[in-house]
>>> print(open('entry_38.txt').read())   # compact mmCIF, C-alpha atoms
# COMPACT_ATOMS: atom_id res chain seq x y z
CA MET A 1 169.77 -36.56 230.02
CA ASN A 2 165.97 -36.71 230.28
CA ALA A 3 164.17 -39.39 228.33
CA PRO A 4 162.29 -38.03 225.30
CA ASP A 5 158.67 -37.14 225.95
CA THR A 6 156.16 -39.76 224.86
CA PRO A 7 152.37 -39.51 224.65
CA LEU A 8 152.10 -41.65 227.76
CA LEU A 9 154.43 -39.46 229.84
CA THR A 10 153.59 -35.97 228.55
CA PRO A 11 150.56 -34.23 230.12
CA PRO A 12 147.60 -33.81 227.75
CA LEU A 13 147.59 -30.80 225.46
CA ALA A 14 144.95 -28.06 225.60
CA LEU A 15 143.62 -26.24 222.54
CA TYR A 16 142.28 -22.68 222.61
CA VAL A 17 140.22 -21.42 219.63
CA HIS A 18 139.46 -17.70 219.44
CA TRP A 19 136.32 -16.38 217.71
CA PRO A 20 136.72 -12.59 217.75
CA PHE A 21 133.26 -11.36 216.81
CA CYS A 22 130.54 -9.91 219.05
CA VAL A 23 127.15 -8.33 218.41
CA SER A 24 128.26 -5.32 220.48
CA LYS A 25 131.27 -4.26 222.53
CA CYS A 26 130.73 -4.21 226.31
CA PRO A 27 132.05 -1.05 227.99
CA TYR A 28 134.23 -2.96 230.50
CA CYS A 29 135.75 -5.40 227.97
CA ASP A 30 139.39 -5.24 226.88
CA PHE A 31 139.38 -8.67 225.22
CA ASN A 32 140.16 -9.13 221.53
CA SER A 33 136.55 -8.73 220.42
CA HIS A 34 135.22 -6.90 217.39
CA VAL A 35 131.88 -5.91 215.89
CA ARG A 36 131.50 -6.52 212.13
CA GLU A 37 128.43 -6.06 209.93
CA SER A 38 128.99 -9.41 208.27
CA VAL A 39 131.29 -12.42 208.55
CA ASP A 40 132.17 -14.78 205.70
CA GLN A 41 131.48 -17.94 207.67
CA ALA A 42 132.93 -20.35 205.12
CA ALA A 43 136.17 -18.36 204.87
CA TRP A 44 136.50 -18.20 208.64
CA ARG A 45 135.90 -21.92 209.05
CA ASP A 46 138.55 -22.72 206.45
CA ALA A 47 141.04 -20.26 207.99
CA LEU A 48 140.59 -21.65 211.49
CA LEU A 49 141.09 -25.18 210.17
CA ALA A 50 144.27 -24.12 208.35
CA ASP A 51 145.64 -22.41 211.48
CA LEU A 52 144.82 -25.53 213.48
CA ALA A 53 146.58 -27.79 210.97
CA TYR A 54 149.74 -25.67 211.24
CA GLU A 55 149.70 -25.88 215.03
CA ALA A 56 149.08 -29.63 214.96
CA ALA A 57 152.12 -30.13 212.73
CA ALA A 58 154.22 -28.26 215.30
CA LEU A 59 152.93 -30.41 218.19
CA PRO A 60 152.95 -34.02 216.98
CA GLY A 61 152.44 -37.08 219.11
CA ARG A 62 150.31 -35.47 221.82
CA ARG A 63 147.04 -36.39 223.48
CA LEU A 64 144.28 -33.78 223.69
CA GLY A 65 142.73 -33.10 227.08
CA SER A 66 140.58 -30.04 226.41
CA ILE A 67 139.31 -27.61 223.79
CA PHE A 68 138.10 -24.13 224.71
CA PHE A 69 136.21 -21.87 222.30
CA GLY A 70 136.64 -18.31 223.60
CA GLY A 71 136.08 -14.84 222.30
CA GLY A 72 134.48 -12.62 221.40
CA THR A 73 131.27 -14.58 221.35
CA PRO A 74 131.89 -18.11 220.06
CA SER A 75 128.22 -19.04 220.51
CA LEU A 76 127.77 -16.96 217.33
CA MET A 77 129.81 -19.57 215.42
CA PRO A 78 127.79 -21.89 213.20
CA PRO A 79 127.55 -25.26 214.96
CA ALA A 80 128.91 -26.88 211.78
CA THR A 81 132.11 -24.84 212.21
CA VAL A 82 132.39 -25.91 215.85
CA ALA A 83 131.95 -29.53 214.79
CA ALA A 84 134.56 -29.23 212.03
CA ILE A 85 137.15 -27.83 214.43
CA ILE A 86 136.47 -30.51 217.04
CA ASP A 87 136.66 -33.26 214.41
CA ALA A 88 139.94 -31.91 213.03
CA ALA A 89 141.53 -31.42 216.46
CA THR A 90 140.64 -34.91 217.64
CA SER A 91 141.99 -36.38 214.41
CA TYR A 92 145.36 -34.63 214.89
CA TRP A 93 145.64 -35.47 218.59
CA PRO A 94 143.97 -38.55 220.13
CA PRO A 95 141.48 -37.23 222.69
CA GLU A 96 141.43 -38.22 226.32
CA PRO A 97 138.39 -40.39 227.12
CA ASP A 98 136.95 -37.60 229.27
CA ILE A 99 138.01 -34.69 227.03
CA GLU A 100 136.53 -31.37 228.18
CA ILE A 101 135.18 -29.19 225.34
CA THR A 102 134.01 -25.76 226.51
CA LEU A 103 132.33 -22.96 224.60
CA GLU A 104 131.69 -19.46 225.92
CA ALA A 105 128.18 -18.21 225.25
CA ASN A 106 126.05 -15.14 225.70
CA PRO A 107 122.71 -15.80 227.41
CA SER A 108 120.49 -14.43 224.66
CA SER A 109 117.47 -16.36 223.43
CA VAL A 110 118.88 -16.37 219.89
CA GLU A 111 122.12 -18.02 220.97
CA ALA A 112 120.39 -20.35 223.44
CA ALA A 113 118.39 -21.71 220.51
CA ARG A 114 121.68 -23.06 219.12
CA PHE A 115 122.71 -24.87 222.31
CA ALA A 116 121.31 -28.26 221.30
CA ASP A 117 123.12 -28.09 217.95
CA ILE A 118 126.35 -26.98 219.66
CA ALA A 119 126.07 -29.92 222.05
CA ARG A 120 125.57 -32.30 219.10
CA ALA A 121 128.72 -30.79 217.57
CA GLY A 122 130.67 -32.18 220.53
CA VAL A 123 130.71 -29.40 223.13
CA ASN A 124 130.13 -30.84 226.61
CA ARG A 125 130.67 -27.75 228.78
CA VAL A 126 129.37 -24.20 228.40
CA SER A 127 130.51 -21.02 230.13
CA LEU A 128 127.64 -18.55 230.17
CA GLY A 129 128.20 -14.79 230.47
CA LEU A 130 125.30 -13.88 232.73
CA GLN A 131 127.42 -11.14 234.43
CA ALA A 132 124.64 -10.00 236.82
CA LEU A 133 121.26 -11.00 238.22
CA ASP A 134 119.99 -7.43 238.33
CA ASP A 135 118.43 -5.70 235.32
CA GLN A 136 119.82 -2.26 236.14
CA ALA A 137 123.30 -3.70 236.53
CA LEU A 138 123.01 -5.45 233.17
CA VAL A 139 122.10 -2.14 231.50
CA PHE A 140 125.09 -0.50 233.20
CA LEU A 141 127.36 -3.32 231.99
CA GLY A 142 126.12 -2.88 228.43
CA ARG A 143 124.61 -6.34 228.22
CA ALA A 144 121.93 -7.02 225.62
CA HIS A 145 120.01 -9.50 227.78
CA GLY A 146 117.86 -9.04 230.86
CA VAL A 147 117.74 -11.28 233.92
CA ASP A 148 114.73 -13.33 232.76
CA GLU A 149 116.28 -13.97 229.34
CA GLY A 150 119.59 -14.89 230.95
CA LEU A 151 118.02 -17.36 233.34
CA ALA A 152 116.02 -18.93 230.53
CA ALA A 153 119.29 -19.41 228.64
CA LEU A 154 120.84 -20.94 231.75
CA ALA A 155 118.00 -23.46 232.00
CA THR A 156 118.44 -24.30 228.30
CA ALA A 157 122.18 -24.75 228.82
CA GLN A 158 121.65 -27.04 231.81
CA ALA A 159 119.37 -29.21 229.70
CA ALA A 160 121.79 -29.34 226.75
CA PHE A 161 125.23 -29.72 228.34
CA ALA A 162 126.72 -32.08 230.89
CA ARG A 163 128.61 -29.25 232.60
CA VAL A 164 127.66 -25.58 233.00
CA SER A 165 129.47 -22.58 234.44
CA PHE A 166 128.48 -18.94 234.46
CA ASP A 167 130.17 -15.60 235.13
CA LEU A 168 129.16 -12.76 237.41
CA ILE A 169 130.79 -9.36 237.86
CA TYR A 170 130.66 -7.81 241.33
CA ALA A 171 132.11 -4.78 243.12
CA ARG A 172 129.98 -2.66 240.82
CA PRO A 173 129.40 1.04 241.60
CA GLY A 174 127.16 1.41 244.62
CA GLN A 175 126.88 -2.34 245.24
CA THR A 176 126.47 -3.12 248.92
CA LEU A 177 127.62 -6.23 250.72
CA ALA A 178 123.99 -7.20 251.45
CA ALA A 179 122.96 -6.78 247.82
CA TRP A 180 125.87 -8.89 246.56
CA ASP A 181 125.22 -11.56 249.17
CA ALA A 182 121.61 -11.85 248.00
CA GLU A 183 122.66 -11.98 244.34
CA LEU A 184 125.34 -14.59 244.97
CA THR A 185 123.01 -16.71 247.09
CA ARG A 186 120.52 -16.67 244.24
CA ALA A 187 123.25 -17.62 241.78
CA LEU A 188 124.22 -20.60 243.91
CA SER A 189 120.62 -21.79 244.02
CA PHE A 190 120.68 -22.73 240.32
CA GLY A 191 122.89 -25.72 241.04
CA THR A 192 125.73 -25.22 238.57
CA GLU A 193 129.02 -26.88 239.41
CA HIS A 194 131.25 -23.91 238.60
CA LEU A 195 131.11 -20.12 238.98
CA SER A 196 133.55 -17.47 237.74
CA LEU A 197 133.20 -14.38 239.94
CA TYR A 198 135.17 -11.30 238.90
CA GLN A 199 135.54 -7.95 240.60
CA LEU A 200 134.83 -5.11 238.20
CA THR A 201 138.10 -3.52 237.14
CA ILE A 202 138.59 -0.47 234.96
CA GLU A 203 140.75 -1.58 232.04
CA PRO A 204 142.70 0.94 229.92
CA GLY A 205 141.21 1.66 226.52
CA THR A 206 137.66 0.70 227.45
CA ARG A 207 134.64 2.99 227.57
CA PHE A 208 134.53 2.51 231.34
CA ALA A 209 138.09 3.88 231.53
CA THR A 210 136.90 7.08 229.85
CA GLU A 211 133.90 7.27 232.18
CA ALA A 212 136.03 6.66 235.28
CA ALA A 213 138.58 9.31 234.24
CA ALA A 214 135.72 11.81 233.98
CA GLY A 215 134.45 10.82 237.43
CA ARG A 216 131.21 9.36 236.12
CA ILE A 217 132.03 5.86 237.40
CA VAL A 218 133.35 5.15 240.89
CA ILE A 219 133.90 1.52 241.86
CA PRO A 220 134.05 0.40 245.51
CA ASP A 221 137.18 1.44 247.40
CA GLY A 222 139.79 -1.02 248.63
CA ASP A 223 138.16 -1.81 251.96
CA SER A 224 134.71 -2.30 250.44
CA ALA A 225 136.12 -4.46 247.64
CA ALA A 226 138.01 -6.54 250.21
CA ASP A 227 134.81 -7.13 252.17
CA LEU A 228 133.05 -8.24 249.00
CA PHE A 229 135.93 -10.58 248.09
CA GLU A 230 136.04 -12.21 251.51
CA ALA A 231 132.26 -12.61 251.62
CA THR A 232 132.34 -14.20 248.16
CA ARG A 233 134.83 -16.84 249.23
CA ALA A 234 132.99 -17.59 252.46
CA THR A 235 129.59 -17.91 250.77
CA THR A 236 130.80 -20.14 247.92
CA ALA A 237 132.79 -22.35 250.29
CA ALA A 238 129.76 -22.83 252.52
CA ALA A 239 127.74 -23.83 249.44
CA GLY A 240 130.32 -26.46 248.41
CA LEU A 241 131.95 -24.45 245.63
CA PRO A 242 135.19 -23.23 247.22
CA ALA A 243 137.64 -21.02 245.33
CA TYR A 244 140.27 -23.13 243.58
CA GLU A 245 141.68 -20.07 241.78
CA ILE A 246 141.44 -16.44 242.79
CA SER A 247 138.23 -15.83 240.81
CA ASN A 248 136.98 -19.34 240.08
CA HIS A 249 134.86 -21.56 242.31
CA ALA A 250 133.84 -25.18 241.77
CA ARG A 251 132.62 -28.36 243.34
CA LEU A 252 135.41 -30.89 243.87
CA GLY A 253 136.22 -32.41 240.49
CA ALA A 254 134.31 -29.76 238.52
CA GLU A 255 137.22 -27.36 238.05
CA SER A 256 137.86 -26.10 234.52
CA ARG A 257 140.43 -28.63 233.29
CA HIS A 258 141.32 -26.37 230.38
CA ASN A 259 142.09 -23.36 232.54
CA LEU A 260 144.07 -25.53 234.95
CA VAL A 261 146.44 -26.21 232.05
CA TYR A 262 147.23 -22.48 231.95
CA TRP A 263 147.55 -22.10 235.70
CA ARG A 264 149.66 -25.25 236.05
CA TYR A 265 151.82 -24.07 233.15
CA ARG A 266 151.38 -26.96 230.77
CA ASP A 267 151.47 -26.84 226.97
CA TYR A 268 148.55 -25.40 225.05
CA ALA A 269 147.97 -24.53 221.40
CA GLY A 270 146.24 -21.29 220.46
CA VAL A 271 144.58 -20.63 217.09
CA GLY A 272 142.49 -17.75 215.80
CA PRO A 273 143.03 -13.97 216.06
CA GLY A 274 145.17 -12.92 219.01
CA ALA A 275 145.38 -16.44 220.46
CA HIS A 276 148.45 -17.24 222.55
CA GLY A 277 150.07 -20.61 223.10
CA ARG A 278 152.94 -22.37 224.83
CA ARG A 279 154.86 -25.17 223.11
CA GLY A 280 157.42 -26.31 225.63
CA GLY A 281 159.85 -23.40 225.74
CA LEU A 282 158.23 -21.51 222.87
CA ALA A 283 155.69 -18.69 223.22
CA THR A 284 153.30 -18.28 220.29
CA ALA A 285 150.86 -15.50 219.41
CA ARG A 286 148.55 -14.95 216.45
CA HIS A 287 147.89 -11.69 214.61
CA LYS A 288 145.31 -9.86 216.70
CA LYS A 289 143.08 -7.92 214.30
CA PRO A 290 140.69 -10.29 212.50
CA GLU A 291 141.52 -8.92 209.05
CA ASN A 292 145.27 -9.19 209.69
CA TRP A 293 144.95 -12.73 210.97
CA ILE A 294 142.86 -14.05 208.09
CA GLY A 295 145.16 -12.27 205.63
CA ALA A 296 148.17 -13.98 207.21
CA VAL A 297 146.45 -17.36 206.92
CA ALA A 298 145.79 -16.70 203.22
CA ARG A 299 149.45 -15.77 202.64
CA ASN A 300 151.24 -18.22 204.91
CA GLY A 301 148.82 -21.01 205.69
CA HIS A 302 148.67 -19.93 209.35
CA GLY A 303 148.02 -16.86 211.50
CA ALA A 304 151.13 -16.98 213.69
CA GLN A 305 152.83 -13.63 214.26
CA ILE A 306 155.19 -14.61 217.10
CA GLU A 307 157.01 -17.88 217.79
CA GLN A 308 159.48 -16.77 220.41
CA PRO A 309 161.78 -18.99 222.48
CA LEU A 310 161.49 -18.25 226.20
CA VAL A 311 164.68 -18.20 228.21
CA PRO A 312 164.47 -20.64 231.11
CA GLY A 313 164.11 -17.87 233.70
CA GLU A 314 161.07 -16.48 231.88
CA ARG A 315 159.43 -19.89 231.99
CA SER A 316 159.96 -20.10 235.75
CA THR A 317 158.58 -16.61 236.31
CA GLU A 318 155.50 -17.27 234.19
CA ALA A 319 154.89 -20.58 235.95
CA LEU A 320 155.08 -18.93 239.37
CA LEU A 321 152.82 -16.02 238.44
CA MET A 322 150.22 -18.39 237.06
CA GLY A 323 150.49 -21.15 239.66
CA LEU A 324 150.30 -18.94 242.74
CA ARG A 325 146.80 -17.91 241.63
CA LEU A 326 145.72 -21.45 242.52
CA ARG A 327 144.68 -22.47 245.99
CA GLU A 328 146.83 -25.60 245.59
CA GLY A 329 149.96 -23.49 245.02
CA VAL A 330 153.06 -24.59 243.11
CA ASP A 331 155.68 -27.33 243.04
CA LEU A 332 158.89 -25.32 243.26
CA ALA A 333 161.09 -28.24 242.21
CA ARG A 334 159.18 -28.62 238.94
CA ILE A 335 159.33 -24.88 238.27
CA ALA A 336 163.04 -24.79 239.06
CA GLY A 337 163.47 -27.49 236.42
CA LEU A 338 161.67 -25.34 233.86
CA GLY A 339 164.07 -22.51 234.65
CA GLU A 340 167.20 -24.66 234.82
CA THR A 341 167.83 -23.19 238.24
CA THR A 342 167.40 -24.03 241.92
CA VAL A 343 164.39 -23.75 244.19
CA GLU A 344 166.20 -21.17 246.30
CA ALA A 345 166.75 -18.92 243.27
CA LEU A 346 163.06 -18.63 242.42
CA ILE A 347 161.75 -16.68 245.39
CA ASP A 348 162.84 -13.78 247.58
CA TRP A 349 162.89 -15.95 250.67
CA THR A 350 163.36 -13.07 253.09
CA ALA A 351 160.13 -11.51 251.86
CA ALA A 352 158.42 -14.90 251.75
CA ALA A 353 159.42 -15.66 255.35
CA ARG A 354 158.01 -12.34 256.49
CA LEU A 355 154.73 -13.01 254.68
CA GLU A 356 154.61 -16.53 256.11
CA THR A 357 154.75 -15.16 259.66
CA GLN A 358 151.81 -12.95 258.71
CA GLY A 359 149.84 -15.96 257.51
CA LEU A 360 149.78 -14.80 253.88
CA VAL A 361 151.89 -17.56 252.29
CA ALA A 362 152.74 -21.09 253.37
CA ARG A 363 155.67 -23.32 252.44
CA SER A 364 156.06 -27.03 253.01
CA GLY A 365 159.28 -28.40 251.55
CA ASP A 366 159.26 -27.60 247.85
CA HIS A 367 155.60 -26.59 247.86
CA LEU A 368 154.53 -22.93 248.12
CA ARG A 369 151.04 -21.48 248.17
CA VAL A 370 149.28 -18.24 248.91
CA THR A 371 146.83 -18.68 251.79
CA ASP A 372 143.18 -17.68 251.71
CA ALA A 373 144.10 -14.52 253.63
CA GLY A 374 146.90 -13.82 251.17
CA MET A 375 144.68 -14.14 248.09
CA LEU A 376 143.10 -10.83 249.01
CA LEU A 377 146.55 -9.25 248.56
CA LEU A 378 147.78 -11.41 245.68
CA ASP A 379 148.63 -8.50 243.37
CA ALA A 380 150.85 -7.02 246.07
CA ILE A 381 152.39 -10.34 247.16
CA LEU A 382 153.56 -11.60 243.77
CA PRO A 383 156.04 -8.79 242.99
CA LEU A 384 157.42 -9.06 246.52
CA ILE A 385 158.33 -12.73 246.35
CA VAL A 386 158.75 -13.74 242.68
CA LEU A 387 162.23 -12.95 241.41
CA SER A 388 162.57 -11.64 237.86
CA PRO A 389 164.86 -13.65 235.58
CA SER A 390 168.31 -12.33 234.79
CA PRO A 391 169.34 -12.05 231.11
CA SER A 392 171.04 -15.44 231.43
CA GLY A 393 167.74 -16.94 232.55
CA GLU A 394 168.88 -17.55 236.13
CA GLY A 395 167.11 -16.11 239.15
CA LEU A 396 168.55 -12.85 240.44
>>> encode(input="entry_38.txt", output="structure tokens")
Amino acid sequence: MNAPDTPLLTPPLALYVHWPFCVSKCPYCDFNSHVRESVDQAAWRDALLADLAYEAAALPGRRLGSIFFGGGTPSLMPPATVAAIIDAATSYWPPEPDIEITLEANPSSVEAARFADIARAGVNRVSLGLQALDDQALVFLGRAHGVDEGLAALATAQAAFARVSFDLIYARPGQTLAAWDAELTRALSFGTEHLSLYQLTIEPGTRFATEAAAGRIVIPDGDSAADLFEATRATTAAAGLPAYEISNHARLGAESRHNLVYWRYRDYAGVGPGAHGRRGGLATARHKKPENWIGAVARNGHGAQIEQPLVPGERSTEALLMGLRLREGVDLARIAGLGETTVEALIDWTAAARLETQGLVARSGDHLRVTDAGMLLLDAILPLIVLSPSPSGEGL
């Protein structure tokens, strides 16, 4: 029998806080974001604190390694609300000495004016949604800011926060390899420690999906997108920010510790509309629509809609699908333990051996990773090698 978990032995917990509101809805976005004419800020602060208290009671005796305010646009939150949530979270769970507290922000001048107050509230890392360094591209992407305003916000963020990351979207319609190389080179010149670089994808239910179905948007084909992906990895690696996850690039030691909790399949609490969490073998999810979530908090004292036990095989599958996104790969012995199964039952080893001869995956003992060459084909590789759990929770 395993010894009971103790705060000293259990990995630190991560906390995700979802703020669902935006000034406008971007045409590519399928996140849980909503536009509302007004928000009762006091009611939302109290509801988030109540949801957090419920989650803390379900996860006692843990240390807190990171907090991530996502959205939506959490830089629209009053700094006093941010501070109240941080204070409550760190009173429920003793924080790690180097706790990482990230807030996603839009690069508008109005929101940048709050950065100093947000930093005083306790945030020490900001993730800025620049999305492009081209004014026409920003109009196409439905962004409210221009390049100059975005770069001014970046400079303000770098002055206010110890750590700064920003996002860019590439593989946009008509984007050439030379144009993206110039844009990425410029992005790297600003000296941030972390970049999130996403290929534009057409997500169902978005305005871009409607436009693409009508033929008004055509994104780069597979070969062109592959060229852009490979160039991205080569350019960031040469600049000292190699890819540590399929879309995320960082200097050594500057990786997003919060997101690594997801990818390494550790416990995290999720509060706010639509937030998901993992408590050991339990999957949690909050009511998604803001009005439904805050109504549930008023009725029940929390916004949880789902608290579903995961069968062991589901835990193994989730851990593999998340962990193989990382350049470091996965510890198969640990994942087998999550699934109460064996290493050999996790993977289709015939398919994996074939891919290994092609240089797309690599195995060393109980360690498996997708190679740099394989990352280009990750979406095709995962269903080939990761076995689905049987109803009993054992690998097929």
>>> residues_around(input="entry_38.txt", residues="Asn32 (chain A)", least_positions_apart="3", cutoff="12 Å", atoms="all atoms listed in the file", output="PyMOL selection string")
chain A and resi 18-22+25-26+29+35+70-73+205-206+272-276+286-290
>>> closest_residue(input="entry_38.txt", among="A:Leu49, A:Ala152, A:Leu387, A:Ala14", to="Pro94 (chain A)", atoms="all atoms listed in the file")
A:Ala14
>>> atom_distance(input="entry_38.txt", atom1="CA of Ala144 (chain A)", atom2="CA of Asn124 (chain A)")
25.2 Å
>>> closest_residue(input="entry_38.txt", among="A:Gly303, A:Pro79, A:Gly174, A:Gly365", to="Ser224 (chain A)", atoms="all atoms listed in the file")
A:Gly174
>>> closest_residue(input="entry_38.txt", among="A:Phe229, A:Phe208, A:Tyr28, A:Tyr265", to="Arg315 (chain A)", atoms="only C-alpha atoms")
A:Tyr265
>>> residues_around(input="entry_38.txt", residues="region 240-255 of chain A", least_positions_apart="6", cutoff="7 Å", atoms="all atoms listed in the file", output="number ranges by chain")
A: 193-198, 233, 325-327, 375
>>> write_last_selection(input="entry_38.txt", atoms="C-alpha atoms", output="mmCIF file, in the frame of the given file")
data_model
loop_
_atom_site.group_PDB
_atom_site.id
_atom_site.type_symbol
_atom_site.label_atom_id
_atom_site.label_comp_id
_atom_site.auth_asym_id
_atom_site.auth_seq_id
_atom_site.Cartn_x
_atom_site.Cartn_y
_atom_site.Cartn_z
ATOM 1 C CA GLU A 193 129.020 -26.880 239.410
ATOM 2 C CA HIS A 194 131.250 -23.910 238.600
ATOM 3 C CA LEU A 195 131.110 -20.120 238.980
ATOM 4 C CA SER A 196 133.550 -17.470 237.740
ATOM 5 C CA LEU A 197 133.200 -14.380 239.940
ATOM 6 C CA TYR A 198 135.170 -11.300 238.900
ATOM 7 C CA ARG A 233 134.830 -16.840 249.230
ATOM 8 C CA ARG A 325 146.800 -17.910 241.630
ATOM 9 C CA LEU A 326 145.720 -21.450 242.520
ATOM 10 C CA ARG A 327 144.680 -22.470 245.990
ATOM 11 C CA MET A 375 144.680 -14.140 248.090
#
>>> atom_distance(input="entry_38.txt", atom1="CA of Pro74 (chain A)", atom2="CA of Glu111 (chain A)")
9.8 Å
>>> closest_residue(input="entry_38.txt", among="A:Pro220, A:Pro60, A:Pro312, A:Pro204", to="Leu282 (chain A)", atoms="only C-alpha atoms")
A:Pro312
>>> closest_residue(input="entry_38.txt", among="A:Thr185, A:Gly280, A:Ser24, A:Ile347", to="His145 (chain A)", atoms="only C-alpha atoms")
A:Ser24
>>> residues_near_point(input="entry_38.txt", point="(128.1, -2.2, 242.0)", cutoff="12 Å", atoms="all atoms listed in the file", output="PyMOL selection string")
chain A and resi 131-134+136-138+140-141+168-180+183+198-201+217-221+224-225+228
>>> residues_around(input="entry_38.txt", residues="Ala83 (chain A)", least_positions_apart="4", cutoff="7 Å", atoms="all atoms listed in the file", output="short mmCIF file (atom, residue, chain, number, x, y, z; two decimals) with C-alpha atoms, in the frame of the given file")
data_model
loop_
_atom_site.label_atom_id
_atom_site.label_comp_id
_atom_site.auth_asym_id
_atom_site.auth_seq_id
_atom_site.Cartn_x
_atom_site.Cartn_y
_atom_site.Cartn_z
CA PRO A 79 127.55 -25.26 214.96
CA ASP A 87 136.66 -33.26 214.41
CA ALA A 121 128.72 -30.79 217.57
CA GLY A 122 130.67 -32.18 220.53
#
>>> closest_residue(input="entry_38.txt", among="A:Val110, A:Ala336, A:Leu15, A:Leu76", to="Leu59 (chain A)", atoms="all atoms listed in the file")
A:Leu15
>>> residues_around(input="entry_38.txt", residues="Glu344 (chain A)", least_positions_apart="5", cutoff="10 Å", atoms="all atoms listed in the file", output="PDB file with C-alpha atoms, in the frame of the given file")
ATOM      1  CA  LEU A 332     158.890 -25.320 243.260  1.00  0.00           C
ATOM      2  CA  ALA A 333     161.090 -28.240 242.210  1.00  0.00           C
ATOM      3  CA  ALA A 336     163.040 -24.790 239.060  1.00  0.00           C
ATOM      4  CA  TRP A 349     162.890 -15.950 250.670  1.00  0.00           C
ATOM      5  CA  ASP A 366     159.260 -27.600 247.850  1.00  0.00           C
ATOM      6  CA  GLY A 395     167.110 -16.110 239.150  1.00  0.00           C
TER       7      GLY A 395
END
>>> decode(input="entry_38.txt", residues="region 44-57 of chain A", atoms="N, CA and C atoms", output="compact mmCIF listing (two decimals), in the first residue's frame")
# COMPACT_ATOMS: atom_id res chain seq x y z
N TRP A 44 -19.26 39.39 -8.71
CA TRP A 44 -18.34 38.44 -9.32
C TRP A 44 -17.15 38.14 -8.43
N ARG A 45 -16.66 39.14 -7.73
CA ARG A 45 -15.57 38.89 -6.78
C ARG A 45 -16.02 37.91 -5.70
N ASP A 46 -17.20 38.17 -5.14
CA ASP A 46 -17.69 37.31 -4.06
C ASP A 46 -17.94 35.88 -4.56
N ALA A 47 -18.46 35.75 -5.80
CA ALA A 47 -18.74 34.42 -6.33
C ALA A 47 -17.46 33.65 -6.60
N LEU A 48 -16.45 34.31 -7.14
CA LEU A 48 -15.17 33.64 -7.37
C LEU A 48 -14.54 33.19 -6.06
N LEU A 49 -14.65 34.03 -5.03
CA LEU A 49 -14.09 33.66 -3.73
C LEU A 49 -14.84 32.49 -3.12
N ALA A 50 -16.17 32.44 -3.32
CA ALA A 50 -16.94 31.30 -2.80
C ALA A 50 -16.57 30.02 -3.55
N ASP A 51 -16.43 30.10 -4.86
CA ASP A 51 -16.06 28.92 -5.66
C ASP A 51 -14.67 28.43 -5.25
N LEU A 52 -13.77 29.36 -5.00
CA LEU A 52 -12.42 29.02 -4.56
C LEU A 52 -12.45 28.35 -3.19
N ALA A 53 -13.27 28.86 -2.27
CA ALA A 53 -13.34 28.26 -0.94
C ALA A 53 -13.83 26.81 -1.01
N TYR A 54 -14.79 26.55 -1.88
CA TYR A 54 -15.29 25.18 -2.06
C TYR A 54 -14.18 24.27 -2.56
N GLU A 55 -13.43 24.74 -3.52
CA GLU A 55 -12.36 23.91 -4.10
C GLU A 55 -11.25 23.69 -3.08
N ALA A 56 -10.96 24.70 -2.28
CA ALA A 56 -9.92 24.56 -1.26
C ALA A 56 -10.31 23.51 -0.22
N ALA A 57 -11.60 23.47 0.13
CA ALA A 57 -12.05 22.47 1.10
C ALA A 57 -11.92 21.06 0.56
